[in-house]
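Structure file upload_20.txt (compact mmCIF, C-alpha atoms) follows.
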# COMPACT_ATOMS: atom_id res chain seq x y z
CA MET A 20 -15.71 51.13 -63.18
CA LYS A 21 -16.90 48.63 -60.59
CA ASN A 22 -14.43 46.04 -61.89
CA LYS A 23 -11.49 48.45 -61.58
CA LEU A 24 -12.50 49.42 -58.05
CA LEU A 25 -12.88 45.77 -57.09
CA LEU A 26 -9.43 44.95 -58.51
CA VAL A 27 -7.83 47.85 -56.62
CA LEU A 28 -9.48 46.78 -53.34
CA MET A 29 -8.39 43.16 -53.84
CA GLY A 30 -4.85 44.28 -54.57
CA LEU A 31 -4.72 46.39 -51.43
CA CYS A 32 -6.09 43.51 -49.39
CA LEU A 33 -3.45 41.13 -50.73
CA LEU A 34 -0.66 43.61 -50.05
CA GLY A 35 -1.91 44.15 -46.52
CA CYS A 36 -2.06 40.45 -45.73
CA SER A 37 1.50 39.41 -45.03
CA LYS A 38 2.73 36.28 -43.27
CA ASP A 39 5.44 38.39 -41.65
CA ASP A 40 2.83 40.19 -39.52
CA ASN A 41 2.65 37.16 -37.22
CA GLU A 42 6.40 36.55 -37.16
CA PRO A 43 8.34 37.87 -34.15
CA SER A 44 10.97 40.50 -34.83
CA GLN A 45 14.68 39.75 -34.48
CA GLU A 46 14.70 41.71 -31.21
CA GLN A 47 11.80 39.65 -29.85
CA LEU A 48 13.55 36.41 -30.82
CA GLN A 49 16.75 37.44 -29.07
CA ALA A 50 14.94 38.60 -25.91
CA ALA A 51 12.78 35.45 -25.66
CA GLU A 52 13.21 32.62 -23.18
CA TYR A 53 13.40 29.13 -24.70
CA PHE A 54 12.84 25.71 -23.17
CA VAL A 55 13.71 22.43 -24.83
CA LYS A 56 11.86 19.14 -24.65
CA TYR A 57 14.12 16.19 -25.33
CA HIS A 58 12.46 12.91 -26.33
CA PHE A 59 14.12 9.58 -26.92
CA ILE A 60 13.05 6.05 -27.72
CA ALA A 61 15.42 3.12 -27.37
CA SER A 62 14.76 -0.56 -27.69
CA GLY A 63 17.11 -3.47 -27.11
CA GLY A 64 14.84 -5.87 -28.93
CA ASP A 65 15.18 -9.27 -27.29
CA ARG A 66 18.49 -8.41 -25.59
CA SER A 67 19.36 -6.47 -22.48
CA CYS A 68 20.67 -3.00 -23.16
CA TYR A 69 22.41 -0.16 -21.43
CA PHE A 70 23.24 3.33 -22.59
CA ASP A 71 23.76 6.88 -21.38
CA ILE A 72 21.83 9.90 -22.56
CA VAL A 73 23.98 13.04 -22.60
CA TYR A 74 22.17 16.34 -23.09
CA VAL A 75 22.63 20.10 -22.69
CA ASP A 76 20.88 21.89 -19.82
CA HIS A 77 21.15 25.37 -18.32
CA ASP A 78 22.67 25.70 -14.84
CA THR A 79 20.78 28.53 -13.15
CA LYS A 80 23.50 29.00 -10.50
CA THR A 81 26.38 29.56 -12.91
CA GLN A 82 24.22 30.81 -15.82
CA GLU A 83 26.16 28.42 -18.08
CA ASN A 84 24.98 25.67 -20.38
CA VAL A 85 26.28 22.31 -19.14
CA PHE A 86 26.23 18.66 -20.18
CA LYS A 87 24.23 16.27 -18.01
CA THR A 88 24.09 12.48 -18.17
CA LEU A 89 21.29 10.00 -17.52
CA ASN A 90 22.19 6.30 -17.17
CA TYR A 91 19.88 3.52 -18.32
CA PHE A 92 20.35 -0.20 -17.78
CA ASN A 93 17.88 -3.00 -18.21
CA PRO A 94 19.26 -6.49 -17.64
CA SER A 95 16.01 -8.17 -18.68
CA LEU A 96 15.10 -9.20 -22.16
CA SER A 97 12.85 -6.98 -24.25
CA SER A 98 13.99 -3.62 -22.84
CA HIS A 99 12.20 -0.56 -24.20
CA TYR A 100 12.43 3.12 -23.22
CA ASN A 101 10.21 6.00 -24.31
CA LYS A 102 11.13 9.08 -22.25
CA GLU A 103 10.93 12.84 -22.48
CA PHE A 104 12.19 15.64 -20.26
CA THR A 105 12.64 19.40 -20.44
CA ALA A 106 15.65 21.66 -19.99
CA GLY A 107 16.30 25.37 -19.95
CA PRO A 108 15.92 28.26 -20.06
CA PHE A 109 18.08 28.89 -23.11
CA LYS A 110 18.80 31.97 -25.20
CA TYR A 111 18.50 32.61 -28.91
CA GLY A 112 21.54 31.11 -30.67
CA ASP A 113 22.34 28.50 -27.97
CA MET A 114 23.18 25.03 -29.24
CA VAL A 115 21.35 22.16 -27.57
CA SER A 116 21.99 18.47 -28.11
CA ILE A 117 21.05 14.97 -27.04
CA GLU A 118 23.18 11.92 -27.64
CA PHE A 119 23.28 8.18 -26.99
CA GLN A 120 26.64 7.19 -25.50
CA ARG A 121 28.18 3.98 -24.17
CA GLU A 122 25.44 1.90 -25.72
CA ASN A 123 25.97 -1.85 -25.90
CA TYR A 124 23.02 -2.82 -28.04
CA THR A 125 20.17 -0.71 -29.29
CA GLU A 126 17.97 -2.27 -31.93
CA TYR A 127 15.99 0.90 -32.54
CA LYS A 128 16.52 4.48 -31.41
CA LEU A 129 14.94 7.85 -32.02
CA LEU A 130 15.95 11.32 -30.79
CA GLU A 131 13.79 14.45 -30.97
CA ILE A 132 14.23 18.08 -29.93
CA SER A 133 11.20 20.36 -29.52
CA VAL A 134 11.43 24.03 -28.52
CA SER A 135 9.05 26.36 -26.66
CA MET A 136 9.41 30.13 -26.92
CA ASN A 137 8.16 32.24 -23.99
CA LYS A 138 6.19 29.33 -22.48
CA GLY A 139 4.32 28.74 -25.74
CA PRO A 140 3.62 25.29 -27.18
CA TYR A 141 6.54 22.99 -27.96
CA VAL A 142 7.34 22.70 -31.67
CA LEU A 143 9.36 19.78 -33.06
CA LYS A 144 12.58 21.23 -34.53
CA ALA A 145 14.87 18.24 -35.14
CA LYS A 146 14.63 14.45 -35.29
CA THR A 147 16.92 11.52 -36.10
CA GLU A 148 17.22 7.76 -35.79
CA GLY A 149 20.95 8.25 -35.31
CA SER A 150 23.02 8.50 -32.13
CA LYS A 151 23.34 12.30 -31.86
CA LEU A 152 21.08 15.28 -32.51
CA GLU A 153 21.99 18.98 -32.31
CA TYR A 154 19.89 22.10 -32.80
CA ILE A 155 20.68 25.83 -32.60
CA ILE A 156 17.86 27.76 -30.92
CA GLY A 157 16.15 30.10 -33.38
CA LYS A 158 17.90 28.87 -36.52
Just give me the structure as structure tokens.
Amino acid sequence: MKNKLLLVLMGLCLLGCSKDDNEPSQEQLQAAEYFVKYHFIASGGDRSCYFDIVYVDHDTKTQENVFKTLNYFNPSLSSHYNKEFTAGPFKYGDMVSIEFQRENYTEYKLLEISVSMNKGPYVLKAKTEGSKLEYIIGK
């Protein structure tokens, strides 16, 4: 009898413990405010390098998502960049991106996109050693 009761209690406990309890609902995801942290690393090795970083940001005046450009140029040898910056706020379903453009020589590059929901911690969502990275918020 004790064994049956113990099995029933364990079964109820397992059914009551669901990972979905901590997951936000679809309505909460769509109502949330998202910020993006862009991170890039670029190295010209033993050569000078120049490049542009083009990324998506949110224009608070027009309430539109817009492309912005950062220009980098280092005429000296052994140029190396390791930068991060934030953008937003974005909505659920918005596409964000970061891209190397107009690069003359980049020996090594890395792009990362991390996302914060409702001012929570940033979570890495996408990463590449390529020239372009895109991510759809919430997907």
Sphere at (21.5, 10.9, -16.8), radius 12 Å, counting only C-alpha atoms: residues as a PyMOL selection string: chain A and resi 70-76+86-92+102+104+117-120
Residue nearest Phe59 in chain A among A:Ile156, A:Ala145, A:Leu129, A:Val115 (counting all atoms listed in the file): A:Leu129
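You will find CA of His77 in chain A at 5.1 Å from CA of Gly107 in chain A.
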Point-to-point distance in Å for CA of Thr105 in chain A and CA of Glu126 in chain A: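 It comes out at 25.1 Å.
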Distance criterion (only C-alpha atoms): nearest to Gln45 in chain A out of A:Arg121, A:Gly112, A:Val142, A:Thr81: A:Gly112
Selected residue, from A:Ser62, A:Ser116, A:Ser44, A:Thr147, that lies nearest to Leu130 in chain A when counting only C-alpha atoms: A:Thr147
Within 10 Å of Asp113 in chain A using only C-alpha atoms, minus same-chain residues under 4 positions, as an mmCIF file with C-alpha atoms, in the coordinates of the input:
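Contents of the output file result_25.cif:
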data_model
loop_
_atom_site.group_PDB
_atom_site.id
_atom_site.type_symbol
_atom_site.label_atom_id
_atom_site.label_comp_id
_atom_site.auth_asym_id
_atom_site.auth_seq_id
_atom_site.Cartn_x
_atom_site.Cartn_y
_atom_site.Cartn_z
ATOM 1 C CA TYR A 53 13.400 29.130 -24.700
ATOM 2 C CA VAL A 75 22.630 20.100 -22.690
ATOM 3 C CA ASN A 84 24.980 25.670 -20.380
ATOM 4 C CA PHE A 109 18.080 28.890 -23.110
ATOM 5 C CA TYR A 154 19.890 22.100 -32.800
ATOM 6 C CA ILE A 155 20.680 25.830 -32.600
ATOM 7 C CA ILE A 156 17.860 27.760 -30.920
ATOM 8 C CA GLY A 157 16.150 30.100 -33.380
ATOM 9 C CA LYS A 158 17.900 28.870 -36.520
#
Between CA of Asp78 in chain A and CA of Ser133 in chain A - distance in Å to one decimal: 19.4 Å
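Using all atoms listed in the file for every distance, the candidate list A:Leu143, A:Gln47, A:Leu152, A:Tyr57 yields A:Tyr57 as the residue closest to Glu103 in chain A.
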Show me, as AutoDock Vina command-line options, the centre and edge lengths in Å to one decimal of the axis-aligned box that covers every listed atom of range 140-156 of chain A with 8 Å on each side.
--center_x 13.5 --center_y 17.8 --center_z -31.6 --size_x 35.7 --size_y 36.0 --size_z 24.9
